[in-house]
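The file final_35.cif contains mmCIF, C-alpha atoms:
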```cif
data_upload
loop_
_atom_site.label_atom_id
_atom_site.label_comp_id
_atom_site.auth_asym_id
_atom_site.auth_seq_id
_atom_site.Cartn_x
_atom_site.Cartn_y
_atom_site.Cartn_z
CA MET A 140 76.72 89.42 103.58
CA THR A 141 78.81 92.14 101.95
CA MET A 142 78.44 92.89 98.27
CA PHE A 143 82.14 92.72 97.40
CA ASP A 144 84.63 89.94 98.05
CA HIS A 145 87.66 92.07 97.17
CA ILE A 146 88.92 95.08 95.23
CA ALA A 147 92.15 95.22 93.22
CA LEU A 148 94.14 98.32 92.31
CA ARG A 149 96.97 98.41 89.81
CA THR A 150 99.98 100.68 90.10
CA GLY A 151 103.32 101.42 88.50
CA GLU A 152 104.80 102.33 91.90
CA LEU A 153 104.06 99.32 94.11
CA ARG A 154 106.38 100.07 97.03
CA LYS A 155 105.22 103.69 97.27
CA LEU A 156 101.52 102.77 97.20
CA VAL A 157 101.89 99.88 99.65
CA LYS A 158 103.71 102.16 102.11
CA PHE A 159 100.93 104.77 101.73
CA TYR A 160 98.16 102.22 102.42
CA GLU A 161 100.02 100.76 105.40
CA ALA A 162 100.01 104.23 106.99
CA ALA A 163 96.51 105.33 105.92
CA LEU A 164 94.63 102.12 106.77
CA GLY A 165 96.25 101.44 110.15
CA PRO A 166 94.00 103.87 112.06
CA LEU A 167 90.94 102.08 110.64
CA GLY A 168 92.09 98.69 111.93
CA TYR A 169 93.28 97.35 108.56
CA ALA A 170 96.78 96.04 107.85
CA LYS A 171 98.92 94.48 105.13
CA LEU A 172 98.21 90.78 105.56
CA VAL A 173 99.93 89.35 102.48
CA SER A 174 102.95 90.51 100.50
CA PHE A 175 104.38 89.27 97.20
CA ASP A 176 107.08 90.62 94.86
CA ASP A 177 104.37 92.09 92.62
CA GLY A 178 101.57 92.84 95.07
CA ALA A 179 100.11 93.08 98.56
CA GLY A 180 96.79 92.38 100.23
CA PHE A 181 95.18 94.49 102.98
CA GLY A 182 92.29 93.80 105.31
CA ALA A 183 91.16 93.08 108.86
CA ASP A 184 90.88 89.30 108.96
CA ARG A 185 91.59 88.48 105.30
CA PRO A 186 92.84 90.49 102.31
CA THR A 187 90.00 92.39 100.65
CA LEU A 188 92.03 95.21 99.06
CA TRP A 189 94.77 94.06 96.69
CA ILE A 190 97.43 96.29 95.15
CA GLY A 191 99.35 94.89 92.20
CA GLU A 192 102.23 96.02 90.02
CA ALA A 193 101.12 96.73 86.46
CA ASP A 194 102.57 98.26 83.32
CA GLU A 195 99.27 99.82 82.25
CA GLU A 196 97.69 102.98 83.66
CA PRO A 197 97.06 103.07 87.41
CA SER A 198 93.54 102.49 88.68
CA SER A 199 91.29 105.47 89.23
CA VAL A 200 88.48 104.61 91.62
CA HIS A 201 86.62 105.77 94.71
CA ILE A 202 86.91 103.45 97.71
CA ALA A 203 85.08 104.08 100.98
CA PHE A 204 86.55 102.30 104.02
CA ALA A 205 84.39 101.62 107.07
CA ALA A 206 85.64 103.33 110.22
CA PRO A 207 84.65 102.19 113.74
CA ASN A 208 84.19 105.77 114.99
CA THR A 209 84.80 109.42 114.11
CA ALA A 210 88.21 109.42 115.84
CA ALA A 211 89.34 106.73 113.40
CA VAL A 212 88.13 108.86 110.46
CA ASP A 213 90.18 111.77 111.81
CA ALA A 214 93.25 109.54 112.34
CA PHE A 215 92.91 108.07 108.82
CA TYR A 216 92.91 111.57 107.35
CA ARG A 217 95.98 112.67 109.33
CA ALA A 218 97.90 109.46 108.54
CA ALA A 219 97.01 109.56 104.84
CA MET A 220 98.03 113.20 104.53
CA ALA A 221 101.32 112.54 106.35
CA ALA A 222 101.99 109.60 104.02
CA GLY A 223 101.69 111.76 100.89
CA GLY A 224 97.95 111.90 100.25
CA LYS A 225 96.20 115.01 98.94
CA ASP A 226 93.23 116.59 100.67
CA ASN A 227 89.88 115.95 99.02
CA GLY A 228 87.65 116.77 101.99
CA ALA A 229 88.66 117.21 105.64
CA PRO A 230 86.98 115.08 108.32
CA GLY A 231 83.52 116.16 109.30
CA PRO A 232 79.78 115.55 109.10
CA ARG A 233 78.23 115.23 105.66
CA PRO A 234 74.52 115.78 106.43
CA ASP A 235 73.78 116.27 102.73
CA TYR A 236 74.77 112.59 102.19
CA GLU A 237 72.61 111.27 105.04
CA PRO A 238 72.05 112.06 108.73
CA GLY A 239 74.98 110.88 110.85
CA TYR A 240 77.40 110.51 107.91
CA TYR A 241 80.93 111.46 109.07
CA ALA A 242 83.73 111.15 106.55
CA ALA A 243 87.10 112.32 105.24
CA PHE A 244 88.45 112.15 101.69
CA VAL A 245 92.03 111.82 100.45
CA ILE A 246 93.57 111.29 97.01
CA ASP A 247 96.23 108.56 97.13
CA PRO A 248 99.57 108.86 95.25
CA ASP A 249 98.05 107.16 92.16
CA GLY A 250 94.98 109.42 92.05
CA ASN A 251 92.41 107.12 93.69
CA ASN A 252 89.78 108.90 95.81
CA LEU A 253 89.76 107.32 99.28
CA GLU A 254 87.12 107.88 101.92
CA ALA A 255 86.92 106.82 105.54
CA VAL A 256 83.32 106.86 106.76
CA HIS A 257 81.53 106.29 110.03
CA HIS A 258 77.74 106.16 110.13
CA GLN A 259 76.70 107.73 113.44
CA ARG A 260 73.41 106.46 114.73
CA ALA A 261 71.01 108.74 116.58
#
```
Represent the structure of the file as structure tokens.
Amino acid sequence: MTMFDHIALRTGELRKLVKFYEAALGPLGYAKLVSFDDGAGFGADRPTLWIGEADEEPSSVHIAFAAPNTAAVDAFYRAAMAAGGKDNGAPGPRPDYEPGYYAAFVIDPDGNNLEAVHHQRA
């Protein structure tokens, strides 16, 4: 069982953020599954990441997305950067986190810190 059922982000620029996540999450096997006038839901088999239009300040969180392999981490980073993300750590091993930890970090257009991570097993 996973700890979280879903995560919700709020934004003042819904279309821009949805377009960014469509590009960035595709290489990880996630897609926009649900779309409304004021929001969208992303996931693999059901929406677990929700993005909603809001008048208040945008969210500011760190989200780590599971990647099936290191190539997907690399592809996530390239896609996110091409979609307007800002570098926060190029793809590569992070042995100081734990052995076999391979990740990339990108800041989304609203300032959220996104990570794609693959745990390589020995």
List as a PyMOL selection string the residues having at least one atom at most 6 Å from position (95.2, 113.5, 96.2) as given in the file, counting only C-alpha atoms.
chain A and resi 224-226+245-247+250
Would you mind exporting the chosen residues as a CSV table (one decimal), in the coordinates of the input, restricted to C-alpha atoms?
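File out.csv, as written:
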```csv
chain,number,residue,atom,x,y,z
A,224,GLY,CA,98.0,111.9,100.2
A,225,LYS,CA,96.2,115.0,98.9
A,226,ASP,CA,93.2,116.6,100.7
A,245,VAL,CA,92.0,111.8,100.4
A,246,ILE,CA,93.6,111.3,97.0
A,247,ASP,CA,96.2,108.6,97.1
A,250,GLY,CA,95.0,109.4,92.0
```
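The space separating CA of Ala210 (chain A) from CA of Trp189 (chain A) comes to 25.4 Å.
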Mind checking which residues fall within 6 Å of Ala242 (chain A), counting all atoms listed in the file, ignoring those fewer than 6 positions away in the same chain, and posting them as a list of chain:residue names?
A:Pro230, A:Gly231, A:Ala255, A:Val256
Neighbouring residues of Phe181 (chain A) were defined as those with any atom within 10 Å, considering all atoms listed in the file; residues of the same chain fewer than 4 positions away were excluded. Please report them as number ranges by chain.
A: 145-146, 157, 160-161, 164, 169-174, 185-190
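CA of Ala221 (chain A) sits 23.2 Å away from CA of Glu192 (chain A).
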Contacts of Gln259 (chain A) at 12 Å (only C-alpha atoms; same-chain gap of 5+ positions) as JSON, numbers by chain:
{"A": [205, 206, 207, 208, 209, 210, 212, 231, 232, 233, 234, 237, 238, 239, 240, 241, 242]}
Would you save the residues of that selection, restricted to C-alpha atoms, as a PDB file, keeping the file's coordinate frame?
```
ATOM      1  CA  ALA A 205      84.390 101.620 107.070  1.00  0.00           C
ATOM      2  CA  ALA A 206      85.640 103.330 110.220  1.00  0.00           C
ATOM      3  CA  PRO A 207      84.650 102.190 113.740  1.00  0.00           C
ATOM      4  CA  ASN A 208      84.190 105.770 114.990  1.00  0.00           C
ATOM      5  CA  THR A 209      84.800 109.420 114.110  1.00  0.00           C
ATOM      6  CA  ALA A 210      88.210 109.420 115.840  1.00  0.00           C
ATOM      7  CA  VAL A 212      88.130 108.860 110.460  1.00  0.00           C
ATOM      8  CA  GLY A 231      83.520 116.160 109.300  1.00  0.00           C
ATOM      9  CA  PRO A 232      79.780 115.550 109.100  1.00  0.00           C
ATOM     10  CA  ARG A 233      78.230 115.230 105.660  1.00  0.00           C
ATOM     11  CA  PRO A 234      74.520 115.780 106.430  1.00  0.00           C
ATOM     12  CA  GLU A 237      72.610 111.270 105.040  1.00  0.00           C
ATOM     13  CA  PRO A 238      72.050 112.060 108.730  1.00  0.00           C
ATOM     14  CA  GLY A 239      74.980 110.880 110.850  1.00  0.00           C
ATOM     15  CA  TYR A 240      77.400 110.510 107.910  1.00  0.00           C
ATOM     16  CA  TYR A 241      80.930 111.460 109.070  1.00  0.00           C
ATOM     17  CA  ALA A 242      83.730 111.150 106.550  1.00  0.00           C
TER      18      ALA A 242
END
```
Care to translate the PyMOL selection byres ((chain A and resi 150) around 10) into actual residues of this file, as a PDB file with C-alpha atoms, in the coordinates of the input?
```pdb
ATOM      1  CA  LEU A 148      94.140  98.320  92.310  1.00  0.00           C
ATOM      2  CA  ARG A 149      96.970  98.410  89.810  1.00  0.00           C
ATOM      3  CA  GLY A 151     103.320 101.420  88.500  1.00  0.00           C
ATOM      4  CA  GLU A 152     104.800 102.330  91.900  1.00  0.00           C
ATOM      5  CA  LEU A 153     104.060  99.320  94.110  1.00  0.00           C
ATOM      6  CA  ARG A 154     106.380 100.070  97.030  1.00  0.00           C
ATOM      7  CA  LYS A 155     105.220 103.690  97.270  1.00  0.00           C
ATOM      8  CA  LEU A 156     101.520 102.770  97.200  1.00  0.00           C
ATOM      9  CA  VAL A 157     101.890  99.880  99.650  1.00  0.00           C
ATOM     10  CA  ASP A 177     104.370  92.090  92.620  1.00  0.00           C
ATOM     11  CA  GLY A 178     101.570  92.840  95.070  1.00  0.00           C
ATOM     12  CA  ILE A 190      97.430  96.290  95.150  1.00  0.00           C
ATOM     13  CA  GLY A 191      99.350  94.890  92.200  1.00  0.00           C
ATOM     14  CA  GLU A 192     102.230  96.020  90.020  1.00  0.00           C
ATOM     15  CA  ALA A 193     101.120  96.730  86.460  1.00  0.00           C
ATOM     16  CA  ASP A 194     102.570  98.260  83.320  1.00  0.00           C
ATOM     17  CA  GLU A 195      99.270  99.820  82.250  1.00  0.00           C
ATOM     18  CA  GLU A 196      97.690 102.980  83.660  1.00  0.00           C
ATOM     19  CA  PRO A 197      97.060 103.070  87.410  1.00  0.00           C
ATOM     20  CA  SER A 198      93.540 102.490  88.680  1.00  0.00           C
ATOM     21  CA  SER A 199      91.290 105.470  89.230  1.00  0.00           C
ATOM     22  CA  PRO A 248      99.570 108.860  95.250  1.00  0.00           C
ATOM     23  CA  ASP A 249      98.050 107.160  92.160  1.00  0.00           C
TER      24      ASP A 249
END
```
Considering only C-alpha atoms, return as JSON, numbers by chain whatever protein or nucleic-acid residues lie within 7 Å of Phe215 (chain A), sequence-local ones (same chain, fewer than 2 positions apart) excluded.
{"A": [163, 164, 166, 167, 211, 212, 213, 217, 218, 219, 255]}
Quick one: pull the distance between CA of Ala203 (chain A) and CA of Asn252 (chain A), Å, one decimal.
8.5 Å
Under the rule that all atoms listed in the file are counted, which of A:Ile202, A:Ala147, A:Ala162, A:Met142 is the nearest residue to Gly223 (chain A)?
A:Ala162
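Using only C-alpha atoms, the smallest distance between any of A:Gly165, A:Gly228, A:His201, A:Tyr236 and His258 (chain A) comes from A:Tyr236.
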Residue nearest Leu253 (chain A) among A:Asp144, A:Phe175, A:Phe159, A:Asn227 (counting only C-alpha atoms)
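Closest to Leu253 (chain A), using only C-alpha atoms: A:Asn227.
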Nearest to Gly168 (chain A) by atom-to-atom distance, counting all atoms listed in the file, from A:Met220, A:Val200, A:Ala214, A:Ala229
A:Ala214
